[in-house]
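Take a look at the structure below.
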Amino acid sequence: MNVNTPIAGIGGIYKKYAGRLEKLGIKKLEDFLFHIPFRYEDFSLISKISSVQAGEIVTIQGEITEIKNEYTRKWKNLQKAKVADETDEIDIIWFNQPYIPKTLKKGDRVSLSGKVKFALNKLVLETPEFEVINGNTIHTGRLVPIYPETRGISSKWIRRQVYKLLHESDLISMDTMPNEILTKNSFMKLADALNKIHFPNSLDEVGEARKRLSFDELFMLQLKGIIKKEDWKKKTVTNSFKIVDFQNKIEEFLESLPFELTNAQKKAVEEILKDLKSKKPMNRLLEGDVGSGKTVVAAIAMHIACLNGFQSVIMAPTEILANQHFDTISKLLTPLGVTVALKTGSIKYKVASIKYKKEKIHNTNYIIKNTDILIGTHAVLSDKINFDKLGLVIIDEQQRFGVRQRSIIRGKGKSPHLLTMTATPIPRTIALTLYGDLDLSFLDEMPHGRKIVKTWLTPEEKRSGAYQWIEKELKKNKSQAFIICPFIEESETMTTVKAATKEFEILKTKIFPKLKLALLHGKLKSKEKEQILTDFKNKKYDILVATPVVEVGIDIPNATIMVIEASERFGLSQLHQLRGRVGRSNMQSYCLLFTEAKNTKTLERLRGMERIHIGAELAELDLRLRGPGEIFGTTQHGIAELKIASFSDLPLIQKAKKEAEDIFPKLKSYPKLSEKLQSENLSQISPD
């Protein structure tokens, strides 16, 4: 049977289970082979019945001398059997499995694995795994694979399908990995890897098999990224930028900034300039910590586009972030005659310009036609918004937008340049894997004059003293503070976790009655949020109590204290982004991580915040301690999903990247590999 055959098209029991199997990611027969066990039961100790002892997990093999259903008061029905080998006989018991006497018959030679117990003055093997011995055993007497399951699909059922496929499939022809890569890296053949990952003789075999299969997954991910990048480069820009004509103006603009760019920003600007000079469309990701200056780099790119007669659009995931970009970019560019407009779900149009006539501001067509830079949320995707000469698209926090949304915004121009940005701290090696189809720029420095935010892990017994210190600091420096709570409302099932609404009332009336407090959360209307943030920025409030809605897009230079309640509930990357809301001026800032956690590993992870202040390093620590889900979140779009490999295996990621780069120029020489790529709906790119 062809391993590429869809499950739903086979018929019989497969068709019956197709919907359930799809929940496990099994859509075709081949998916069974790559449905990898997550652990193994060790039933490899095969014992003679006379030597088994209570408490042991063993496998016994012998002949059924008796088997029956028996009805009792305690159990609706009980299944009893006796199995004998040449040394002794033992009782077997199952509970409420009346089908067993129909499956096993007296006289069958069976293999049973389970725990031996002492009951009613004798040894009993209770609820064991079992199978009739007919060749190799797969459910007993060995390391037995346990798989991710779903309702109606057991590991035992999956095991049977996998065993059958391993013996009926042409595994040799499935192996598309070039032999030179296998030899150089001492990887086993695919057929061996699949056999050993499912039915190993030892855990060492599992490790070697997993290494080969993980490499395959990472290698293909890297190769697909290279192919997409080359495909992008093939596209032409109808009206490419002529940067060289405006070099002097760009230098004048950089000199006019009220601050000096960091070396990382300068390098990123150079990389973007080089892309914009090319006749190929830019496709670059700008990654940098909160506060590292991504918006300034983006503003420079948009100014360059404007000088060349092109329009730019920047799309942000939230109104808070869109408003922040509008304020920052307007201040930088409107003095140079650049027209900047804002469009969100709640704001029809807001314009910053020195050349607009007021009566034209409500004329939509006039605004779009005469706007140099449009900033907005998903609202800019509207069919009503069309540009005359869109040359540059910028997508901030790009992982929060789907592929379709990115395609729509780019489709409003003719092959516009694309710059995407993210503040999510991702280890560099992983970023190169996730975004292999993009060119990458990293901002790994903070602006000059910024002080490191002093971070303290604050246990519950120090809470009272911390509150006193906060009030004293705010009054002394005339500064402001954030207090972050994980939820808006208190949960019935998690009453110990701080909730913003309840905590706000306690803080306002009992803890800080002499200070002015405001509450901000996601359920407020957009105008309410904007008003609260404006008032906070204008120092009308001393403390802003909020949910993590403030994670991105809020710039309050006067805020110097960040308090995070139930900090153990956040990943380090999110804590780092929240911490980035303070320390945005030359004043010393502080971050207090409140926690009631006692677990040693949890406290070790949180203490990483005290000593590490670079987002990518924190992300690597989180990756080691908690896994990739804590970095990327569960709802972010576009994050590659690995079934076998791990993003924490950095050496294997690096190896896969190097091998993919080496093999790509010779791709034509490997028809099986090329065919596999084409079968996954990727364009075949054959570089010169």
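Letters for chains follow the order of the structure tokens (A, B, ...), residue numbers begin at 1 for each chain, and ligand numbers begin at 1 in the order shown.
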
Practice item. Give the strand (DSSP E or B) residues of stretch 186-416 of chain A, as DSSP finds them on the backbone, and put them as an MDAnalysis selection string. Key: chainID A and resid 283:288 311:315 340:343 350:352 373:376 390:396

Using only C-alpha atoms, find each residue in stretch 95-187 of chain A having at least one atom no more than 10 Å away from stretch 76-81 of chain A; report its shortest atom-to-atom pair and that distance in Å (one decimal), rows by chain then rising number, as JSON lines.
```
{"residue": "A:Phe95", "atom": "CA", "partner": "A:Leu78", "partner_atom": "CA", "distance": 4.9}
{"residue": "A:Asn96", "atom": "CA", "partner": "A:Asn77", "partner_atom": "CA", "distance": 5.2}
{"residue": "A:Gln97", "atom": "CA", "partner": "A:Gln79", "partner_atom": "CA", "distance": 6.8}
{"residue": "A:Pro98", "atom": "CA", "partner": "A:Gln79", "partner_atom": "CA", "distance": 6.7}
{"residue": "A:Tyr99", "atom": "CA", "partner": "A:Gln79", "partner_atom": "CA", "distance": 9.0}
{"residue": "A:Ile100", "atom": "CA", "partner": "A:Gln79", "partner_atom": "CA", "distance": 7.3}
{"residue": "A:Pro101", "atom": "CA", "partner": "A:Gln79", "partner_atom": "CA", "distance": 7.4}
{"residue": "A:Leu104", "atom": "CA", "partner": "A:Ala81", "partner_atom": "CA", "distance": 9.5}
{"residue": "A:Lys105", "atom": "CA", "partner": "A:Ala81", "partner_atom": "CA", "distance": 9.8}
{"residue": "A:Lys106", "atom": "CA", "partner": "A:Ala81", "partner_atom": "CA", "distance": 8.9}
{"residue": "A:Leu125", "atom": "CA", "partner": "A:Ala81", "partner_atom": "CA", "distance": 9.8}
{"residue": "A:Glu126", "atom": "CA", "partner": "A:Lys80", "partner_atom": "CA", "distance": 9.7}
{"residue": "A:Thr127", "atom": "CA", "partner": "A:Gln79", "partner_atom": "CA", "distance": 9.3}
```

Residues within 9 Å of A:Leu593, only C-alpha atoms, excluding chain neighbours under 6 positions, as a PDB file with N, CA, C and O atoms, in the first residue's frame:
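See result_6.pdb below for the written result:
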```pdb
ATOM      1  N   THR A 455      16.456  44.277  38.788  1.00  0.00           N
ATOM      2  CA  THR A 455      15.339  43.342  38.927  1.00  0.00           C
ATOM      3  C   THR A 455      15.505  42.501  40.189  1.00  0.00           C
ATOM      4  O   THR A 455      16.589  41.968  40.439  1.00  0.00           O
ATOM      5  N   TRP A 456      14.431  42.409  40.964  1.00  0.00           N
ATOM      6  CA  TRP A 456      14.460  41.662  42.217  1.00  0.00           C
ATOM      7  C   TRP A 456      13.302  40.681  42.279  1.00  0.00           C
ATOM      8  O   TRP A 456      12.154  41.045  42.015  1.00  0.00           O
ATOM      9  N   LEU A 457      13.609  39.457  42.657  1.00  0.00           N
ATOM     10  CA  LEU A 457      12.581  38.466  42.948  1.00  0.00           C
ATOM     11  C   LEU A 457      12.088  38.733  44.369  1.00  0.00           C
ATOM     12  O   LEU A 457      12.871  38.748  45.316  1.00  0.00           O
ATOM     13  N   THR A 458      10.787  38.979  44.497  1.00  0.00           N
ATOM     14  CA  THR A 458      10.236  39.443  45.776  1.00  0.00           C
ATOM     15  C   THR A 458       9.239  38.433  46.333  1.00  0.00           C
ATOM     16  O   THR A 458       8.106  38.337  45.841  1.00  0.00           O
ATOM     17  N   PRO A 459       9.630  37.648  47.362  1.00  0.00           N
ATOM     18  CA  PRO A 459       8.698  36.676  47.942  1.00  0.00           C
ATOM     19  C   PRO A 459       7.589  37.364  48.732  1.00  0.00           C
ATOM     20  O   PRO A 459       7.669  38.558  49.046  1.00  0.00           O
ATOM     21  N   MET A 562       8.323  48.668  37.721  1.00  0.00           N
ATOM     22  CA  MET A 562       7.425  47.662  37.152  1.00  0.00           C
ATOM     23  C   MET A 562       7.245  46.551  38.187  1.00  0.00           C
ATOM     24  O   MET A 562       8.215  45.924  38.612  1.00  0.00           O
ATOM     25  N   VAL A 563       5.997  46.339  38.619  1.00  0.00           N
ATOM     26  CA  VAL A 563       5.676  45.254  39.553  1.00  0.00           C
ATOM     27  C   VAL A 563       4.879  44.212  38.777  1.00  0.00           C
ATOM     28  O   VAL A 563       3.890  44.549  38.120  1.00  0.00           O
ATOM     29  N   ILE A 564       5.299  42.954  38.849  1.00  0.00           N
ATOM     30  CA  ILE A 564       4.583  41.892  38.149  1.00  0.00           C
ATOM     31  C   ILE A 564       4.102  40.863  39.165  1.00  0.00           C
ATOM     32  O   ILE A 564       4.898  40.189  39.816  1.00  0.00           O
ATOM     33  N   GLU A 565       2.787  40.783  39.306  1.00  0.00           N
ATOM     34  CA  GLU A 565       2.184  39.822  40.221  1.00  0.00           C
ATOM     35  C   GLU A 565       2.206  38.418  39.611  1.00  0.00           C
ATOM     36  O   GLU A 565       2.140  38.266  38.388  1.00  0.00           O
ATOM     37  N   ALA A 566       2.281  37.393  40.478  1.00  0.00           N
ATOM     38  CA  ALA A 566       2.259  35.990  40.033  1.00  0.00           C
ATOM     39  C   ALA A 566       3.220  35.791  38.868  1.00  0.00           C
ATOM     40  O   ALA A 566       2.878  35.219  37.835  1.00  0.00           O
ATOM     41  N   SER A 567       4.438  36.272  39.048  1.00  0.00           N
ATOM     42  CA  SER A 567       5.413  36.282  37.950  1.00  0.00           C
ATOM     43  C   SER A 567       5.736  34.880  37.444  1.00  0.00           C
ATOM     44  O   SER A 567       6.168  34.711  36.300  1.00  0.00           O
ATOM     45  N   GLU A 568       5.520  33.878  38.290  1.00  0.00           N
ATOM     46  CA  GLU A 568       5.814  32.501  37.863  1.00  0.00           C
ATOM     47  C   GLU A 568       4.892  32.041  36.744  1.00  0.00           C
ATOM     48  O   GLU A 568       5.174  31.055  36.054  1.00  0.00           O
ATOM     49  N   LEU A 575       8.094  38.278  30.585  1.00  0.00           N
ATOM     50  CA  LEU A 575       8.531  39.101  31.723  1.00  0.00           C
ATOM     51  C   LEU A 575       9.506  40.167  31.251  1.00  0.00           C
ATOM     52  O   LEU A 575       9.457  41.319  31.689  1.00  0.00           O
ATOM     53  N   LEU A 606      13.090  32.228  37.558  1.00  0.00           N
ATOM     54  CA  LEU A 606      12.798  33.645  37.784  1.00  0.00           C
ATOM     55  C   LEU A 606      14.058  34.426  38.165  1.00  0.00           C
ATOM     56  O   LEU A 606      14.192  35.605  37.822  1.00  0.00           O
ATOM     57  N   MET A 609      16.031  36.421  35.639  1.00  0.00           N
ATOM     58  CA  MET A 609      15.688  37.817  35.346  1.00  0.00           C
ATOM     59  C   MET A 609      16.585  38.791  36.108  1.00  0.00           C
ATOM     60  O   MET A 609      16.813  39.912  35.664  1.00  0.00           O
TER      61      MET A 609
END
```

Exercise for review: Determine which residues of stretch 473-580 of chain A receive a DSSP assignment of helix (DSSP H, G or I), computed from the backbone, and state them as a ChimeraX atom specification.
Suggested key: /A:473-477,500-511,526-537,548-550,567-569,572-579

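Counting only C-alpha atoms, A:Gln61 has the following residues at most 7 Å away, ignoring those fewer than 4 positions along the same chain: Asp85, Val110, Ser111 and Leu112 of chain A.
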
Practice item. Measure the distance from atom CA of A:Ala341 to atom CA of A:Val297 in Å and round it to one decimal. Key: 18.6 Å

Practice item. Return the single residue from A:Ile133, A:Ala423, A:Ile612, A:Leu203 that is closest to A:Gly291, with distances computed using only C-alpha atoms. Key: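 Among the listed residues, the smallest separation from A:Gly291 belongs to A:Ala423.
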
Practice item. Would you mind listing what lies within 10 Å of A:Lys266 as number ranges by chain, with only C-alpha atoms counted and same-chain residues fewer than 5 positions away left out? Key: A: 254, 260-261, 271-272, 297, 443

Practice item. Excluding stretch 464-475 of chain A and residues on its chain fewer than 5 positions from it, collect all residues at most 12 Å away from it, counting only C-alpha atoms, and give them as number ranges by chain. Key: A: 456-459, 480-483, 507, 510-516, 539, 541-543, 558-563, 587-594

Check your understanding: If we count only C-alpha atoms, what is near stretch 369-376 of chain A at a cut-off of 9 Å, once residues fewer than 3 positions away on the same chain are taken out, given as a count of residues only?
Key -> 40

Practice item. Find the residue from A:Ile13, A:Val296, A:Val124, A:Met177 that sits nearest to A:Pro671; use only C-alpha atoms when measuring. Key: A:Met177

Review point. What is the distance, in Å and to one decimal place, between atom CA of A:Ile92 and atom CA of A:Pro37?
Key: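 Answer for the atom CA of A:Ile92 to atom CA of A:Pro37 separation: 27.8 Å.
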
Check your understanding: How many Å lie between atom CA of A:Gly225 and atom CA of A:Asp437, rounded to one decimal?
Key -> 4.1 Å

Point to revise | Which of A:Gln222, A:Thr424, A:Ser382, A:Thr183 sits closest to A:Ile409 [using only C-alpha atoms] | key: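 Among the listed residues, the smallest separation from A:Ile409 belongs to A:Ser382.
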
Point to revise | Which residue of A:Lys502, A:His613, A:Lys657, A:Lys454 approaches A:Leu434 most closely, using only C-alpha atoms | key: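 Checking each candidate against A:Leu434, we get A:Lys657 as the closest.
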